[in-house]
$ cat work-v3.pdb   # PDB, C-alpha atoms and all ligand atoms
ATOM      1  CA  MET B   1      91.473 100.148 111.945
ATOM      2  CA  LYS B   2      92.186 103.138 114.149
ATOM      3  CA  TYR B   3      90.275 106.253 115.039
ATOM      4  CA  ALA B   4      91.550 109.380 116.757
ATOM      5  CA  GLY B   5      88.473 110.466 118.673
ATOM      6  CA  ILE B   6      84.760 111.204 118.653
ATOM      7  CA  ILE B   7      82.816 114.355 119.518
ATOM      8  CA  TYR B   8      79.309 113.158 120.273
ATOM      9  CA  ASP B   9      77.495 116.510 120.251
ATOM     10  CA  ASP B  10      79.355 118.820 117.907
ATOM     11  CA  THR B  11      77.816 122.123 116.829
ATOM     12  CA  ALA B  12      80.878 123.356 114.932
ATOM     13  CA  ALA B  13      81.507 120.758 112.223
ATOM     14  CA  ALA B  14      78.359 121.156 110.104
ATOM     15  CA  PRO B  15      74.968 122.885 110.224
ATOM     16  CA  GLY B  16      72.899 121.612 113.164
ATOM     17  CA  LEU B  17      74.026 118.972 115.630
ATOM     18  CA  SER B  18      76.611 116.412 114.564
ATOM     19  CA  LEU B  19      78.538 113.422 115.782
ATOM     20  CA  SER B  20      82.090 113.979 114.549
ATOM     21  CA  PHE B  21      84.224 110.886 114.056
ATOM     22  CA  TYR B  22      87.975 111.430 113.541
ATOM     23  CA  THR B  23      89.882 108.717 111.720
ATOM     24  CA  GLN B  24      93.551 108.125 112.573
ATOM     25  CA  GLY B  25      96.309 108.279 109.962
ATOM     26  CA  CYS B  26      96.870 110.493 106.939
ATOM     27  CA  PRO B  27      99.414 110.029 104.111
ATOM     28  CA  ILE B  28      98.796 113.432 102.497
ATOM     29  CA  HIS B  29     100.601 115.706 104.998
ATOM     30  CA  CYS B  30      99.323 119.124 103.908
ATOM     31  CA  PRO B  31     101.617 121.891 105.240
ATOM     32  CA  GLY B  32      99.791 123.740 108.023
ATOM     33  CA  CYS B  33      97.356 120.895 108.752
ATOM     34  CA  HIS B  34      95.596 121.432 112.094
ATOM     35  CA  ASN B  35      95.365 117.707 112.823
ATOM     36  CA  GLN B  36      98.994 116.612 112.518
ATOM     37  CA  ASP B  37      98.606 114.471 115.631
ATOM     38  CA  MET B  38      96.274 112.334 113.509
ATOM     39  CA  TRP B  39      98.845 111.611 110.766
ATOM     40  CA  ASP B  40     100.433 108.595 112.500
ATOM     41  CA  PHE B  41      98.766 105.323 111.517
ATOM     42  CA  GLU B  42     100.036 103.756 114.758
ATOM     43  CA  GLY B  43      98.263 106.289 116.960
ATOM     44  CA  GLY B  44      94.673 106.512 118.118
ATOM     45  CA  TYR B  45      92.349 103.792 119.341
ATOM     46  CA  ASP B  46      91.106 100.502 117.906
ATOM     47  CA  PHE B  47      87.822 100.685 116.048
ATOM     48  CA  THR B  48      85.828  97.855 117.624
ATOM     49  CA  PRO B  49      82.214  96.679 117.292
ATOM     50  CA  GLU B  50      81.571  98.366 120.663
ATOM     51  CA  VAL B  51      82.738 101.698 119.250
ATOM     52  CA  LEU B  52      80.512 101.258 116.209
ATOM     53  CA  ASN B  53      77.527 100.414 118.418
ATOM     54  CA  ARG B  54      78.178 103.461 120.572
ATOM     55  CA  VAL B  55      78.301 105.699 117.507
ATOM     56  CA  MET B  56      75.027 104.250 116.257
ATOM     57  CA  ASP B  57      73.328 104.855 119.627
ATOM     58  CA  LYS B  58      74.708 108.340 120.111
ATOM     59  CA  LEU B  59      73.664 109.475 116.626
ATOM     60  CA  VAL B  60      70.014 109.314 117.722
ATOM     61  CA  GLU B  61      70.346 109.836 121.473
ATOM     62  CA  ASN B  62      67.290 111.448 123.086
ATOM     63  CA  GLY B  63      65.440 111.143 119.798
ATOM     64  CA  VAL B  64      67.587 113.845 118.181
ATOM     65  CA  LEU B  65      69.060 112.982 114.783
ATOM     66  CA  ARG B  66      72.616 114.174 114.378
ATOM     67  CA  ASN B  67      74.695 114.473 111.218
ATOM     68  CA  LEU B  68      77.548 112.006 110.930
ATOM     69  CA  CYS B  69      80.756 113.931 110.168
ATOM     70  CA  ILE B  70      83.766 111.795 109.250
ATOM     71  CA  ILE B  71      86.967 113.801 109.470
ATOM     72  CA  GLY B  72      90.636 113.006 109.804
ATOM     73  CA  GLY B  73      93.238 112.040 109.624
ATOM     74  CA  GLU B  74      92.225 110.908 106.174
ATOM     75  CA  PRO B  75      88.971 108.900 106.044
ATOM     76  CA  LEU B  76      89.521 107.844 102.420
ATOM     77  CA  CYS B  77      93.128 106.624 102.386
ATOM     78  CA  LYS B  78      93.456 102.889 101.824
ATOM     79  CA  GLN B  79      94.118 102.197 105.506
ATOM     80  CA  ASN B  80      90.846 103.852 106.559
ATOM     81  CA  THR B  81      88.343 103.129 103.804
ATOM     82  CA  GLU B  82      87.052  99.908 105.379
ATOM     83  CA  MET B  83      86.208 101.709 108.624
ATOM     84  CA  THR B  84      84.663 104.671 106.801
ATOM     85  CA  LYS B  85      82.628 102.330 104.627
ATOM     86  CA  MET B  86      81.388 100.432 107.668
ATOM     87  CA  LEU B  87      80.252 103.641 109.342
ATOM     88  CA  CYS B  88      78.578 104.997 106.209
ATOM     89  CA  ASN B  89      76.840 101.719 105.364
ATOM     90  CA  CYS B  90      75.520 101.114 108.883
ATOM     91  CA  VAL B  91      74.246 104.662 109.256
ATOM     92  CA  ARG B  92      72.674 104.779 105.804
ATOM     93  CA  MET B  93      70.855 101.498 106.416
ATOM     94  CA  ALA B  94      69.702 102.246 109.981
ATOM     95  CA  TYR B  95      69.033 105.969 109.693
ATOM     96  CA  PRO B  96      68.233 106.985 106.098
ATOM     97  CA  ASP B  97      67.492 110.587 107.122
ATOM     98  CA  ILE B  98      70.844 111.248 108.754
ATOM     99  CA  LYS B  99      73.164 113.414 106.660
ATOM    100  CA  ILE B 100      76.645 111.978 106.181
ATOM    101  CA  TYR B 101      79.513 114.435 105.672
ATOM    102  CA  VAL B 102      83.016 113.237 104.724
ATOM    103  CA  TRP B 103      86.150 115.429 104.604
ATOM    104  CA  THR B 104      89.034 114.291 102.413
ATOM    105  CA  GLY B 105      92.352 115.568 101.103
ATOM    106  CA  TYR B 106      91.779 113.731  97.817
ATOM    107  CA  THR B 107      90.107 115.334  94.822
ATOM    108  CA  LEU B 108      86.805 114.134  93.449
ATOM    109  CA  GLU B 109      88.603 113.160  90.247
ATOM    110  CA  GLU B 110      90.998 110.950  92.211
ATOM    111  CA  LEU B 111      88.113 109.300  94.036
ATOM    112  CA  CYS B 112      86.177 108.702  90.821
ATOM    113  CA  GLU B 113      89.276 107.020  89.426
ATOM    114  CA  ARG B 114      89.840 104.935  92.545
ATOM    115  CA  GLU B 115      86.259 103.736  92.809
ATOM    116  CA  GLN B 116      86.735 101.826  89.559
ATOM    117  CA  SER B 117      88.964  99.365  91.414
ATOM    118  CA  GLU B 118      88.164 100.021  95.091
ATOM    119  CA  GLU B 119      84.731  98.816  96.117
ATOM    120  CA  ASP B 120      84.937 100.547  99.494
ATOM    121  CA  ILE B 121      85.328 103.946  97.829
ATOM    122  CA  HIS B 122      82.406 103.201  95.532
ATOM    123  CA  ASN B 123      80.207 102.224  98.479
ATOM    124  CA  ILE B 124      81.194 105.295 100.487
ATOM    125  CA  LEU B 125      80.395 107.614  97.587
ATOM    126  CA  GLU B 126      77.017 105.941  97.234
ATOM    127  CA  ASP B 127      76.163 106.475 100.886
ATOM    128  CA  LEU B 128      77.430 109.944 101.721
ATOM    129  CA  ASP B 129      75.513 113.194 101.236
ATOM    130  CA  ILE B 130      78.202 115.859 101.347
ATOM    131  CA  LEU B 131      81.876 115.529 100.382
ATOM    132  CA  ILE B 132      84.397 118.235 101.232
ATOM    133  CA  ALA B 133      87.368 117.497  98.977
ATOM    134  CA  ASN B 134      90.911 118.626  98.089
ATOM    135  CA  PRO B 135      94.001 119.028 100.281
ATOM    136  CA  PHE B 136      94.241 121.951 102.686
ATOM    137  CA  ASP B 137      96.295 124.748 101.065
ATOM    138  CA  ILE B 138      97.734 127.092 103.665
ATOM    139  CA  SER B 139      98.286 129.810 101.027
ATOM    140  CA  LYS B 140      94.512 129.821 100.504
ATOM    141  CA  ARG B 141      93.551 129.551 104.168
ATOM    142  CA  ASP B 142      90.284 131.333 104.965
ATOM    143  CA  ILE B 143      88.637 130.929 108.359
ATOM    144  CA  THR B 144      85.395 132.513 107.139
ATOM    145  CA  LEU B 145      84.550 129.633 104.790
ATOM    146  CA  GLU B 146      81.764 127.249 105.699
ATOM    147  CA  LEU B 147      82.958 123.647 106.131
ATOM    148  CA  ARG B 148      86.392 124.360 104.619
ATOM    149  CA  GLY B 149      89.771 125.606 105.779
ATOM    150  CA  SER B 150      91.066 126.869 102.430
ATOM    151  CA  SER B 151      89.369 128.239  99.338
ATOM    152  CA  ASN B 152      90.676 125.515  97.000
ATOM    153  CA  GLN B 153      88.561 122.957  98.835
ATOM    154  CA  GLU B 154      85.235 122.103  97.232
ATOM    155  CA  ILE B 155      81.902 121.027  98.646
ATOM    156  CA  TYR B 156      80.031 118.411  96.646
ATOM    157  CA  LYS B 157      76.491 117.378  97.317
ATOM    158  CA  PHE B 158      75.590 113.905  96.121
ATOM    159  CA  VAL B 159      72.058 113.565  94.811
ATOM    160  CA  THR B 160      70.000 110.843  93.219
ATOM    161  CA  GLU B 161      69.251 110.841  89.534
ATOM    162  CA  GLU B 162      65.736 112.028  90.288
ATOM    163  CA  GLU B 163      67.059 114.966  92.276
ATOM    164  CA  PHE B 164      69.591 115.883  89.714
ATOM    165  CA  ALA B 165      68.930 119.131  87.862
ATOM    166  CA  ASP B 166      70.149 119.639  84.304
ATOM    167  CA  GLY B 167      72.540 122.396  85.380
ATOM    168  CA  GLY B 168      74.573 119.911  87.383
ATOM    169  CA  LYS B 169      75.757 118.200  84.223
ATOM    170  CA  THR B 170      77.906 121.193  83.419
ATOM    171  CA  PHE B 171      80.273 120.133  86.190
ATOM    172  CA  GLY B 172      81.248 117.138  84.138
ATOM    173  CA  PHE B 173      80.824 114.449  86.763
ATOM    174  CA  GLU B 174      77.733 112.818  85.362
ATOM    175  CA  ARG B 175      77.648 109.250  86.516
ATOM    176  CA  PRO B 176      75.252 106.690  85.149
ATOM    177  CA  ASN B 177      72.577 105.065  87.309
ATOM    178  CA  VAL B 178      74.030 105.625  90.736
ATOM    179  CA  TYR B 179      74.305 109.234  91.766
ATOM    180  CA  TYR B 180      75.421 112.606  90.516
ATOM    181  CA  PRO B 181      77.420 115.118  92.459
ATOM    182  CA  TYR B 182      77.101 118.809  91.929
ATOM    183  CA  VAL B 183      78.831 121.694  93.610
ATOM    184  CA  ILE B 184      76.778 123.536  96.202
ATOM    185  CA  LYS B 185      79.523 125.930  97.199
ATOM    186  CA  GLY B 186      77.912 129.299  97.789
ATOM    187  CA  GLU B 187      74.431 127.949  98.478
TER     188      GLU B 187
HETATM  189  S1  LIG Y 201      94.360 115.646 104.260
HETATM  190 FE1  LIG Y 201      93.440 116.565 106.104
HETATM  191  S2  LIG Y 201      94.380 115.462 107.832
HETATM  192 FE2  LIG Y 201      95.612 115.027 106.022
HETATM  193  S3  LIG Y 201      97.252 116.532 106.105
HETATM  194 FE3  LIG Y 201      95.634 117.387 104.784
HETATM  195  S4  LIG Y 201      94.358 118.616 106.167
HETATM  196 FE4  LIG Y 201      95.616 117.261 107.460
END
$ encode --input "work-v3.pdb" --output "structure tokens" --more "lines below"
Ligand code: SF4
Amino acid sequence: MKYAGIIYDDTAAAPGLSLSFYTQGCPIHCPGCHNQDMWDFEGGYDFTPEVLNRVMDKLVENGVLRNLCIIGGEPLCKQNTEMTKMLCNCVRMAYPDIKIYVWTGYTLEELCEREQSEEDIHNILEDLDILIANPFDISKRDITLELRGSSNQEIYKFVTEEEFADGGKTFGFERPNVYYPYVIKGE
């Protein structure tokens, strides 16, 4: 399991203060990707228990809760799902109030399909709060967008059944008993 780097106090990735964790390796290869140095699965650094412990400490350093932003590279390709799951599970258990953001080049439909057979994907989707999905499309590049690099990318907020409003069902991703995503783009 490899990661590319960590920004401990990041004010650019998401609203508020974040710890941004960059996974190493991406099989999607979007033309125009800004992080091409993170495509190589042989690059980066080993993800060790010491790194995980440091992330856990830094997320709450000085009593300030940060978001956890998991970016790539591709956090949800098969090579990286175990590491992403470990991060999400540890943070969700230790710090329930921390918001977890995950960026991926996969679509939500692809992830919903994969979670049927990949437990790690299922666990990640249970733990995260915000998913930014779809591959970067350079023809739709827009630097004014919040959280996204191109307008085809979608932001999904994952909510509990109790939080779920009826309107969310119109997006067609109703999921029994676990969680329901709905699009918050434009909020
Ligand atoms: S999925 Fe992300 S890291 Fe991978 S090529 Fe596309 S933009 Fe780059």
$ residues_around --input "work-v3.pdb" --residues "B:Ile121" --least-positions-apart "2" --cutoff "9 Å" --atoms "all atoms listed in the file" --output "list in words"
Leu76, Thr81, Glu82, Lys85, Leu111, Cys112, Arg114, Glu115, Gln116, Ser117, Glu118, Glu119, Asn123, Ile124, Leu125 and Glu126 of chain B
$ write_last_selection --input "work-v3.pdb" --atoms "C-alpha atoms" --output "PDB file, keeping the file's coordinate frame"
ATOM      1  CA  LEU B  76      89.521 107.844 102.420  1.00  0.00           C
ATOM      2  CA  THR B  81      88.343 103.129 103.804  1.00  0.00           C
ATOM      3  CA  GLU B  82      87.052  99.908 105.379  1.00  0.00           C
ATOM      4  CA  LYS B  85      82.628 102.330 104.627  1.00  0.00           C
ATOM      5  CA  LEU B 111      88.113 109.300  94.036  1.00  0.00           C
ATOM      6  CA  CYS B 112      86.177 108.702  90.821  1.00  0.00           C
ATOM      7  CA  ARG B 114      89.840 104.935  92.545  1.00  0.00           C
ATOM      8  CA  GLU B 115      86.259 103.736  92.809  1.00  0.00           C
ATOM      9  CA  GLN B 116      86.735 101.826  89.559  1.00  0.00           C
ATOM     10  CA  SER B 117      88.964  99.365  91.414  1.00  0.00           C
ATOM     11  CA  GLU B 118      88.164 100.021  95.091  1.00  0.00           C
ATOM     12  CA  GLU B 119      84.731  98.816  96.117  1.00  0.00           C
ATOM     13  CA  ASN B 123      80.207 102.224  98.479  1.00  0.00           C
ATOM     14  CA  ILE B 124      81.194 105.295 100.487  1.00  0.00           C
ATOM     15  CA  LEU B 125      80.395 107.614  97.587  1.00  0.00           C
ATOM     16  CA  GLU B 126      77.017 105.941  97.234  1.00  0.00           C
TER      17      GLU B 126
END
$ closest_atom_pairs --input "work-v3.pdb" --of "chain B" --to "ligand LIG 201 (chain Y)" --cutoff "12 Å" --atoms "only C-alpha atoms and all ligand atoms" --output "Markdown table"
| residue | atom | partner | partner_atom | distance |
| --- | --- | --- | --- | --- |
| B:Ala4 | CA | Y:LIG201 | S2 | 11.2 |
| B:Tyr22 | CA | Y:LIG201 | S2 | 9.5 |
| B:Thr23 | CA | Y:LIG201 | S2 | 9.0 |
| B:Gln24 | CA | Y:LIG201 | S2 | 8.8 |
| B:Gly25 | CA | Y:LIG201 | S2 | 7.7 |
| B:Cys26 | CA | Y:LIG201 | FE2 | 4.8 |
| B:Pro27 | CA | Y:LIG201 | FE2 | 6.6 |
| B:Ile28 | CA | Y:LIG201 | S3 | 5.0 |
| B:His29 | CA | Y:LIG201 | S3 | 3.6 |
| B:Cys30 | CA | Y:LIG201 | S3 | 4.0 |
| B:Pro31 | CA | Y:LIG201 | S3 | 7.0 |
| B:Gly32 | CA | Y:LIG201 | S4 | 7.7 |
| B:Cys33 | CA | Y:LIG201 | FE4 | 4.2 |
| B:His34 | CA | Y:LIG201 | FE4 | 6.2 |
| B:Asn35 | CA | Y:LIG201 | FE4 | 5.4 |
| B:Gln36 | CA | Y:LIG201 | FE4 | 6.1 |
| B:Asp37 | CA | Y:LIG201 | S2 | 8.9 |
| B:Met38 | CA | Y:LIG201 | S2 | 6.8 |
| B:Trp39 | CA | Y:LIG201 | S2 | 6.6 |
| B:Asp40 | CA | Y:LIG201 | S2 | 10.3 |
| B:Phe41 | CA | Y:LIG201 | FE2 | 11.6 |
| B:Ile70 | CA | Y:LIG201 | FE1 | 11.2 |
| B:Ile71 | CA | Y:LIG201 | S2 | 7.8 |
| B:Gly72 | CA | Y:LIG201 | S2 | 4.9 |
| B:Gly73 | CA | Y:LIG201 | S2 | 4.0 |
| B:Glu74 | CA | Y:LIG201 | S2 | 5.3 |
| B:Pro75 | CA | Y:LIG201 | S2 | 8.7 |
| B:Leu76 | CA | Y:LIG201 | S1 | 9.4 |
| B:Cys77 | CA | Y:LIG201 | S1 | 9.3 |
| B:Val102 | CA | Y:LIG201 | FE1 | 11.0 |
| B:Trp103 | CA | Y:LIG201 | FE1 | 7.5 |
| B:Thr104 | CA | Y:LIG201 | S1 | 5.8 |
| B:Gly105 | CA | Y:LIG201 | S1 | 3.7 |
| B:Tyr106 | CA | Y:LIG201 | S1 | 7.2 |
| B:Thr107 | CA | Y:LIG201 | S1 | 10.4 |
| B:Ile132 | CA | Y:LIG201 | FE1 | 10.4 |
| B:Ala133 | CA | Y:LIG201 | S1 | 9.0 |
| B:Asn134 | CA | Y:LIG201 | S1 | 7.7 |
| B:Pro135 | CA | Y:LIG201 | FE3 | 5.1 |
| B:Phe136 | CA | Y:LIG201 | S4 | 4.8 |
| B:Asp137 | CA | Y:LIG201 | S4 | 8.2 |
| B:Ile138 | CA | Y:LIG201 | S4 | 9.5 |
| B:Arg141 | CA | Y:LIG201 | S4 | 11.1 |
| B:Arg148 | CA | Y:LIG201 | S4 | 9.9 |
| B:Gly149 | CA | Y:LIG201 | S4 | 8.4 |
| B:Ser150 | CA | Y:LIG201 | S4 | 9.6 |
| B:Gln153 | CA | Y:LIG201 | S4 | 10.3 |
$ atom_distance --input "work-v3.pdb" --atom1 "atom CA of B:Thr84" --atom2 "atom CA of B:Asp127"
10.5 Å
$ closest_residue --input "work-v3.pdb" --among "B:Ile155, B:Leu52, B:Met1, B:Leu59" --to "B:Leu17" --atoms "all atoms listed in the file"
B:Leu59
$ atom_distance --input "work-v3.pdb" --atom1 "atom CA of B:Met86" --atom2 "atom CA of B:Gly5"
16.5 Å
$ residues_around --input "work-v3.pdb" --residues "B:Ala94" --least-positions-apart "6" --cutoff "12 Å" --atoms "only C-alpha atoms" --output "MDAnalysis selection string"
chainID B and resid 53 55:57 59:60 65 87:88 127
